[in-house]
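Worksheet for the structure shown next.
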Amino acid sequence: MRILKLLALIFLVYLRPTAAFTDYLIKKCSQSGFCVRNRHYANEIGLGTTAPVYSVDRSSVKISTENHTITAIVEKRFSTGEGPETLVTLPLTLDIMNGSSIRFTIDENRDHIEGPLRLNSRRYNETAAWAFSPDTPYSLAEFKTSRSVWPFSRSYLQLNSVSGLVSIRLHYASFKLEIFYKKELVFTVNDRSLLNIEHARQKELNQRNKSPAETTFSDFSDSFRYSKDDTLPFGPESVAMDFTFHNIENVYGIPEHADSLRLKETVASDPYRLFNVDVFEYDLYSGMPMYGSIPFMLGSRPGLSAGVFWVNAADTWIDVSYESQGAKTHWMSEAGILDVVLFLGDQPSDITSAYTLLTGRPNLPSLSSIGYHQCRWNYNDEKDVLTVDSQMDKAEIPYDFIWLDLEYTDNKKFFTWRPDAFPNPLKMLKKLHRMGRNLVALIDPHLKVGYEVSDAVEQSRAAVLTSQNDTYHGHCWPGESLWIDTFGECGITIWSSFIQRFVDKTKNLFIWNDMNEPSIFSGPETTAPKDLIHAGGFEERSLHNLYGLSVHEATYNAMTQVYGDSSRPFILTRAFFAGSQRTAATWTGDNMADWGYLRISIPMCLTNNLAGFPFIGADIAGFSGDPSNELIVRWYQAGMWYPFFRAHAHIDALRREPYLFEDKIQETVRKVIRLRYSLLPTFYTAFHDASVNGTPIMKPLFYAHPELDETYKIDDQFYLGNSGLLVKPVTTEGETDTQVFFAAGLFYDYFTLESLEIHRPGHYLVNAPLTELPVYLEGGNIIFRKDRYRRSAKLMARDPVTLVVAPTAEGVALGSLYLDDGETLLYQGGDFLKVEVTLKQNELISQVVNSPDTESLSSSNHIERIIVALSRQASLPSVAKITQGNTTSQREITLDPTSHFFVIQNPGLVVGQAWSVVFE
């Protein structure tokens, strides 16, 4: 009977051609014990029927001037009216960090707790070790303290950063933190007294350990239909806290959710949930959990931005409400410690930069990985792969990566090849490599029981264990499987050996870590039972959302051992957490060929970008189902702007490689893909900027124009990095006109360079027929292109560069270009070219910011043309004087009366050398 139920579940979740996700498989808040308990607690506190139970023992406060840390004891004190008063002591640490950030932790001393011998009794406090960047020193700022004057001298401790930007008030009587930035109150922590730490207790004494505001719902057992076997060895152990953003009425972040960019109120609905699960054809405009979790929230308004990083990897619910005074949020996690970092700044980009400084800047990928990726489940054999390769060339459609899904393996055994379909993988890879192409192969963390790889994992005790300390067996694609435990050194080492052996002797084989939530068909909520045990004796419930990161990080590190400095590993992960941006790319998962999924992909990608993980895309033109021709075109037009640009299709979907489209559709798609390749220098510069300071690659409008209130609720258009390229995808069926929001200033139609002068910010109706996409270049920017058709990005390395100059009304523009070899890690040692080009007072000047060690980088890229857009008011110069080194030449300038720009062809300039062009 259990097997029949399992098969039925697999059918419902994975093989449905059109139905939406089966919601009953996933918990609602009303079915989640700790969500119910903390919402109940919040309601009771809000009604005022009980007093807050948390305070700071003033005598315990210690101020360390050596390591700039405050320590104290938070007391949880209450009486039930039966027996003695309950007192729980909770250690507090409080730091002001360099960069206008604050971190505090609240833990619980559980040395007296006797859990099962196989379990670590302390609360899990290692999330930061995984999420924080190992390359960025965790530095604390100097501060000075002052105690308030009478009569408040016994009320709070005030900390002031030496910089004068940040101040903190730690209130004693009812634990509260007030956070000031430039003397303005920005945050109140525990503003509504919703701090709740469910301390350890014995089951038989549970009622005595409940304050009057608490409920006992699902304390020591789980009533949810699919997780009734959860042993809950420590009983209730959730942590919760509220944060008020003062005078900030827009909050964003906490991916991954298929929802709007600006978070919605959850007062009348379930909270947003962060819990990595497998949700095939997920619901739209929902706070339901998805494949990844980044517990980072950004609040912003003109002149002020702030962020909350909830450093917890357990199952988490987040309530959001908006009031006239600002946004109020309530965070609830099932286990772990309270570990929070608060960020303060003037603009949203300050917050993303500070967050990615802490968790790691996004990895700079290879140039080829930001080209076009062609994928489906599945390419059947070597002939199929090479046929797609040759047909793409025949249709003159560039691409860089071709992908192999599950069926390339020998009977779904990872790290193997199906011998009848792929008899000589190395030979196939070499054929692809000749044209600069790469192959990605799927490697999931579940391993089919009973073959060499899984046997080695089981024998070495490197698998995830059951609550009884046995190897956990569940069901996934291969049938009965076990799961690698990449939290421990043993698991990391053996996983690394498998990866290294798989990619050994190859130059262009990369890895896709799918199903790493982990997805378990026989598990509760399509994932792992929460009482499974990982290395260190910690339960799955405490670190669940970290599992995907632990897998893809182990994969990445293993590949660096094989490729060394010669190649940058490309890893795609489905599950992710804070810090995943250091080693992987991701995508929005198993979407549908449906207009709604196209539409939602924009805010989903924008959210990941502001949350520090910009290398994201969505399956084009929908994973499951068969898209219409119109949807195909519109999705390619939108998808070419995703940082990760991949077409993908379900095994049951019709073949839809671009060369199979009817002529008109094929031609439009070809132009779109070629446009992506022509803009690779601009995209690559945006990726570089992200790797240096965390700048979003798909940039929300309020990042580009934080001074405009209107931009804070727009999530259907965006900028490409710092380039000034403004994109408005068409995401509605039958639409041939669309509304585009413009700030005040000059904008140029990207394709014609016709100028549009905007006097008042607002939405304007623009024409958008099926063959065209609204793209504008904002005045004041200079972008860089490579316009010659090549089969792949690698073959473009020495191609000449085109500059497109879009002046403001005052005749000013600025742009930068980053170049390196696009493949190796040599750029980390300074082997790259960075140039900045400015237009001012009719002079275009190029300055070399960084010269590469490799001479070919400086000399190989010539400038093919300089295109200068003209506003309606601009006067046309007649002569251009071109100077590079000691050589000066002069060109006459002529203009077709119907044109909106003029061109200097072959100016004789080299990108990597200083030069100037004076227009007279």
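Chain identifiers are assigned as A, B, and so on, following the order in which chains appear in the structure tokens; residues are numbered from 1 within each chain, and ligands are numbered from 1 in order of appearance.
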
Practice problem: Do a neighbour search on Thr752 in chain A at 9 Å with only C-alpha atoms, toss out local chain neighbours closer than 5 positions, and write the hits as a PyMOL selection string. | Solution: chain A and resi 899-901

Quiz item: What lies within 12 Å of range 789-792 of chain A using only C-alpha atoms, ignoring chain neighbours under 2 positions off, as an MDAnalysis selection string?
Solution: chainID A and resid 367:373 389:402 432:438 670:671 673:680 785:787 794:800

Suppose we keep C-alpha atoms; can you now write the selection as a PDB file, in the first residue's frame?
ATOM      1  CA  LEU A 367      32.292  34.863 -20.264  1.00  0.00           C
ATOM      2  CA  SER A 368      30.834  31.819 -22.010  1.00  0.00           C
ATOM      3  CA  SER A 369      28.481  31.090 -19.098  1.00  0.00           C
ATOM      4  CA  ILE A 370      26.645  34.369 -19.684  1.00  0.00           C
ATOM      5  CA  GLY A 371      26.017  33.404 -23.295  1.00  0.00           C
ATOM      6  CA  TYR A 372      23.050  31.344 -24.458  1.00  0.00           C
ATOM      7  CA  HIS A 373      22.360  27.884 -22.955  1.00  0.00           C
ATOM      8  CA  ASP A 389      25.166  21.650 -32.149  1.00  0.00           C
ATOM      9  CA  SER A 390      25.430  21.515 -35.942  1.00  0.00           C
ATOM     10  CA  GLN A 391      21.853  22.720 -36.527  1.00  0.00           C
ATOM     11  CA  MET A 392      22.438  25.783 -34.360  1.00  0.00           C
ATOM     12  CA  ASP A 393      25.453  26.600 -36.518  1.00  0.00           C
ATOM     13  CA  LYS A 394      23.503  25.975 -39.700  1.00  0.00           C
ATOM     14  CA  ALA A 395      20.819  28.421 -38.528  1.00  0.00           C
ATOM     15  CA  GLU A 396      23.551  30.892 -37.490  1.00  0.00           C
ATOM     16  CA  ILE A 397      22.302  31.023 -33.926  1.00  0.00           C
ATOM     17  CA  PRO A 398      25.130  31.400 -31.397  1.00  0.00           C
ATOM     18  CA  TYR A 399      25.209  29.376 -28.206  1.00  0.00           C
ATOM     19  CA  ASP A 400      27.765  28.359 -25.577  1.00  0.00           C
ATOM     20  CA  PHE A 401      26.343  25.565 -23.431  1.00  0.00           C
ATOM     21  CA  ILE A 402      24.355  22.445 -24.166  1.00  0.00           C
ATOM     22  CA  LEU A 432      32.117  20.663 -28.723  1.00  0.00           C
ATOM     23  CA  HIS A 433      35.280  22.303 -27.418  1.00  0.00           C
ATOM     24  CA  ARG A 434      36.584  22.987 -30.908  1.00  0.00           C
ATOM     25  CA  MET A 435      33.897  25.641 -31.367  1.00  0.00           C
ATOM     26  CA  GLY A 436      34.154  26.946 -27.823  1.00  0.00           C
ATOM     27  CA  ARG A 437      31.110  25.033 -26.594  1.00  0.00           C
ATOM     28  CA  ASN A 438      30.589  23.521 -23.153  1.00  0.00           C
ATOM     29  CA  ARG A 670      17.819  34.648 -33.817  1.00  0.00           C
ATOM     30  CA  LYS A 671      18.009  38.443 -33.603  1.00  0.00           C
ATOM     31  CA  ILE A 673      20.026  35.789 -29.145  1.00  0.00           C
ATOM     32  CA  ARG A 674      22.480  37.716 -31.324  1.00  0.00           C
ATOM     33  CA  LEU A 675      21.580  40.897 -29.455  1.00  0.00           C
ATOM     34  CA  ARG A 676      22.603  39.161 -26.233  1.00  0.00           C
ATOM     35  CA  TYR A 677      25.946  38.260 -27.790  1.00  0.00           C
ATOM     36  CA  SER A 678      26.542  41.743 -29.160  1.00  0.00           C
ATOM     37  CA  LEU A 679      25.989  43.106 -25.641  1.00  0.00           C
ATOM     38  CA  LEU A 680      28.248  40.564 -23.918  1.00  0.00           C
ATOM     39  CA  ARG A 785      29.245  46.048 -27.955  1.00  0.00           C
ATOM     40  CA  LYS A 786      30.810  43.446 -30.206  1.00  0.00           C
ATOM     41  CA  ASP A 787      28.642  43.304 -33.297  1.00  0.00           C
ATOM     42  CA  LYS A 794      34.979  32.276 -26.879  1.00  0.00           C
ATOM     43  CA  LEU A 795      35.312  32.979 -30.600  1.00  0.00           C
ATOM     44  CA  MET A 796      34.560  36.681 -29.974  1.00  0.00           C
ATOM     45  CA  ALA A 797      37.682  37.235 -27.849  1.00  0.00           C
ATOM     46  CA  ARG A 798      39.589  39.335 -30.394  1.00  0.00           C
ATOM     47  CA  ASP A 799      36.604  40.980 -32.064  1.00  0.00           C
ATOM     48  CA  PRO A 800      36.570  44.790 -32.334  1.00  0.00           C
TER      49      PRO A 800
END

Exercise. For Val740 in chain A, work out the shell of residues within 7 Å, counting only C-alpha atoms and skipping chain neighbours fewer than 4 positions away, then give it as a VMD selection string.
Key: chain A and resid 728 763 to 766

Exercise. With a distance cut-off of 8 Å and only C-alpha atoms, select the neighbouring residues of Pro362 in chain A, excluding the residue or stretch itself and same-chain residues fewer than 6 positions from it, and output the selection as JSON, numbers by chain.
Key: {"A": [356, 581, 582, 583, 612, 613, 614, 615, 690, 691, 694]}

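Neighbours of Val804 in chain A closer than or equal to 9 Å, with only C-alpha atoms counted and sequence neighbours fewer than 4 positions away skipped, come out as A:Asn781, A:Ile782, A:Ile783, A:Phe784, A:Arg785, A:Arg865, A:Ile866, A:Ile867, A:Val868, A:Ala869.
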
Would you mind writing down, as a PDB file with C-alpha atoms, in the first residue's frame, each residue of range 654-827 of chain A that DSSP on the backbone assigns to strand (DSSP E or B)?
ATOM      1  CA  MET A 698      18.981  43.103 -13.239  1.00  0.00           C
ATOM      2  CA  LYS A 699      18.575  46.348 -11.339  1.00  0.00           C
ATOM      3  CA  PHE A 718      14.545  47.140 -14.916  1.00  0.00           C
ATOM      4  CA  TYR A 719      18.016  48.392 -15.806  1.00  0.00           C
ATOM      5  CA  LEU A 720      20.968  46.260 -16.896  1.00  0.00           C
ATOM      6  CA  LEU A 725      19.907  50.248 -20.530  1.00  0.00           C
ATOM      7  CA  LEU A 726      16.238  50.322 -19.500  1.00  0.00           C
ATOM      8  CA  VAL A 727      14.172  47.255 -20.440  1.00  0.00           C
ATOM      9  CA  ASP A 737       1.644  48.727 -26.834  1.00  0.00           C
ATOM     10  CA  THR A 738       2.954  48.965 -23.303  1.00  0.00           C
ATOM     11  CA  GLN A 739       3.451  51.481 -20.530  1.00  0.00           C
ATOM     12  CA  VAL A 740       7.066  52.324 -19.682  1.00  0.00           C
ATOM     13  CA  PHE A 741       8.097  54.371 -16.667  1.00  0.00           C
ATOM     14  CA  PHE A 742      10.738  57.003 -17.389  1.00  0.00           C
ATOM     15  CA  GLY A 745      15.810  63.283 -18.664  1.00  0.00           C
ATOM     16  CA  LEU A 746      16.806  62.081 -22.097  1.00  0.00           C
ATOM     17  CA  PHE A 747      16.217  58.504 -23.224  1.00  0.00           C
ATOM     18  CA  TYR A 748      17.192  57.003 -26.564  1.00  0.00           C
ATOM     19  CA  ASP A 749      15.449  54.125 -28.304  1.00  0.00           C
ATOM     20  CA  SER A 755      15.683  60.612 -28.495  1.00  0.00           C
ATOM     21  CA  LEU A 756      12.790  60.940 -26.088  1.00  0.00           C
ATOM     22  CA  GLU A 757      12.865  63.917 -23.739  1.00  0.00           C
ATOM     23  CA  ILE A 758      10.998  63.343 -20.475  1.00  0.00           C
ATOM     24  CA  GLY A 762       5.868  58.890 -15.193  1.00  0.00           C
ATOM     25  CA  HIS A 763       4.452  56.137 -17.385  1.00  0.00           C
ATOM     26  CA  TYR A 764       4.340  56.683 -21.137  1.00  0.00           C
ATOM     27  CA  LEU A 765       2.706  54.514 -23.775  1.00  0.00           C
ATOM     28  CA  VAL A 766       5.168  53.081 -26.307  1.00  0.00           C
ATOM     29  CA  ASN A 767       4.703  50.903 -29.357  1.00  0.00           C
ATOM     30  CA  VAL A 775      14.689  48.996 -24.733  1.00  0.00           C
ATOM     31  CA  TYR A 776      16.033  52.480 -24.010  1.00  0.00           C
ATOM     32  CA  LEU A 777      19.458  53.876 -23.251  1.00  0.00           C
ATOM     33  CA  GLU A 778      19.257  56.584 -20.621  1.00  0.00           C
ATOM     34  CA  ASN A 781      25.676  56.523 -20.437  1.00  0.00           C
ATOM     35  CA  ILE A 782      28.150  54.856 -22.782  1.00  0.00           C
ATOM     36  CA  ILE A 783      27.866  51.137 -23.559  1.00  0.00           C
ATOM     37  CA  PHE A 784      30.130  48.705 -25.382  1.00  0.00           C
ATOM     38  CA  ARG A 785      29.245  46.048 -27.955  1.00  0.00           C
ATOM     39  CA  VAL A 801      34.431  46.922 -30.052  1.00  0.00           C
ATOM     40  CA  THR A 802      31.668  49.414 -30.810  1.00  0.00           C
ATOM     41  CA  LEU A 803      30.960  52.323 -28.455  1.00  0.00           C
ATOM     42  CA  VAL A 804      27.451  53.745 -28.217  1.00  0.00           C
ATOM     43  CA  VAL A 805      27.418  57.185 -26.610  1.00  0.00           C
ATOM     44  CA  ALA A 806      24.134  58.562 -25.240  1.00  0.00           C
ATOM     45  CA  ALA A 813      28.099  60.689 -20.649  1.00  0.00           C
ATOM     46  CA  LEU A 814      30.102  58.037 -18.802  1.00  0.00           C
ATOM     47  CA  GLY A 815      30.708  54.324 -19.280  1.00  0.00           C
ATOM     48  CA  SER A 816      33.172  51.624 -18.276  1.00  0.00           C
ATOM     49  CA  LEU A 817      34.369  48.390 -19.841  1.00  0.00           C
ATOM     50  CA  TYR A 818      35.859  45.374 -18.092  1.00  0.00           C
ATOM     51  CA  LEU A 819      37.744  42.690 -20.046  1.00  0.00           C
TER      52      LEU A 819
END

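Nearest residue to Lys840 in chain A, choosing from A:Ala575, A:Ala593, A:Leu117, A:Val917 and counting only C-alpha atoms: A:Val917.
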
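Excluding Val911 in chain A itself and same-chain residues fewer than 3 positions from it, the residues having an atom within 8 Å of it are Val801, Val835, Ser858, Ser859, Asn861, His862, Ile863 and Ala914 of chain A, counting only C-alpha atoms.
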
Self-check item: Residues flagged helix (DSSP H, G or I) by DSSP in range 67-254 of chain A, as a ChimeraX atom specification
Solution: /A:127-131,203-205,207-209

Quiz item: When distances are computed from only C-alpha atoms, which of A:Asp135, A:Glu382, A:Glu66, A:Glu452 shows the smallest separation from Leu357 in chain A?
Solution: A:Asp135

Quiz item: Between CA of Ser238 in chain A and CA of Glu539 in chain A, what is the spacing in Å?
Solution: 13.7 Å

Within 9 Å of range 549-552 of chain A: each range 439-493 of chain A residue with its shortest pair, only C-alpha atoms, as CSV:
residue,atom,partner,partner_atom,distance
A:Asp444,CA,A:Val551,CA,8.9
A:Pro445,CA,A:Val551,CA,7.2
A:Ile484,CA,A:Val551,CA,8.4
A:Asp485,CA,A:Val551,CA,8.2
A:Thr486,CA,A:Ser550,CA,5.6
A:Phe487,CA,A:Ser550,CA,6.3
A:Ile492,CA,A:Val551,CA,8.4

Go ahead and save the residues from that selection, with C-alpha atoms, as an mmCIF file, in the first residue's frame.
data_model
loop_
_atom_site.group_PDB
_atom_site.id
_atom_site.type_symbol
_atom_site.label_atom_id
_atom_site.label_comp_id
_atom_site.auth_asym_id
_atom_site.auth_seq_id
_atom_site.Cartn_x
_atom_site.Cartn_y
_atom_site.Cartn_z
ATOM 1 C CA ASP A 444 22.031 15.264 -7.878
ATOM 2 C CA PRO A 445 22.820 14.539 -4.205
ATOM 3 C CA ILE A 484 25.316 12.522 0.643
ATOM 4 C CA ASP A 485 25.984 14.547 3.806
ATOM 5 C CA THR A 486 28.116 17.486 2.675
ATOM 6 C CA PHE A 487 28.077 19.112 6.123
ATOM 7 C CA ILE A 492 32.776 16.555 1.435
#

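Taking CA of Tyr408 in chain A and CA of Ser567 in chain A as the two end points, the separation is 24.1 Å.
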
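For the set A:Thr352, A:Asn250, A:Thr49, A:Ser723, the residue with the smallest atom-to-atom gap to Pro696 in chain A is A:Thr352, counting only C-alpha atoms.
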
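In terms of minimum interatomic distance to Gln828 in chain A, A:Val692 ranks closest within A:Ile893, A:Val692, A:Leu660, A:Leu532, counting only C-alpha atoms.
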
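Nearest-residue note for Ile714 in chain A: choosing from A:Pro603, A:His246, A:Thr824, A:Gly488, the minimum distance belongs to A:Pro603, counting only C-alpha atoms.
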
Mind dumping a table of every range 391-415 of chain A residue within 9 Å of range 498-518 of chain A, with the nearest atom pair and its distance in Å to one decimal, using only C-alpha atoms, sorted by chain and rising number, as CSV?
residue,atom,partner,partner_atom,distance
A:Trp403,CA,A:Trp512,CA,8.8
A:Asp405,CA,A:Trp512,CA,8.7
A:Phe415,CA,A:Phe502,CA,6.0

Range 298-319 of chain A residues near range 274-290 of chain A within 10 Å, closest pair each, using only C-alpha atoms, as CSV:
residue,atom,partner,partner_atom,distance
A:Ala313,CA,A:Phe275,CA,8.5
A:Ala314,CA,A:Phe275,CA,7.4
A:Asp315,CA,A:Phe275,CA,5.0
A:Thr316,CA,A:Leu274,CA,5.1
A:Trp317,CA,A:Leu274,CA,6.3
A:Ile318,CA,A:Leu274,CA,8.1

Those residues you just picked out, can you put them in a file as a PDB file, in the first residue's frame with C-alpha atoms?
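Output file again19.pdb is given in full below:
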ATOM      1  CA  ALA A 313      18.661  28.045   8.212  1.00  0.00           C
ATOM      2  CA  ALA A 314      15.670  26.371   9.841  1.00  0.00           C
ATOM      3  CA  ASP A 315      12.092  26.433   8.546  1.00  0.00           C
ATOM      4  CA  THR A 316      11.054  30.102   8.788  1.00  0.00           C
ATOM      5  CA  TRP A 317       7.830  32.119   8.491  1.00  0.00           C
ATOM      6  CA  ILE A 318       7.749  35.913   8.095  1.00  0.00           C
TER       7      ILE A 318
END
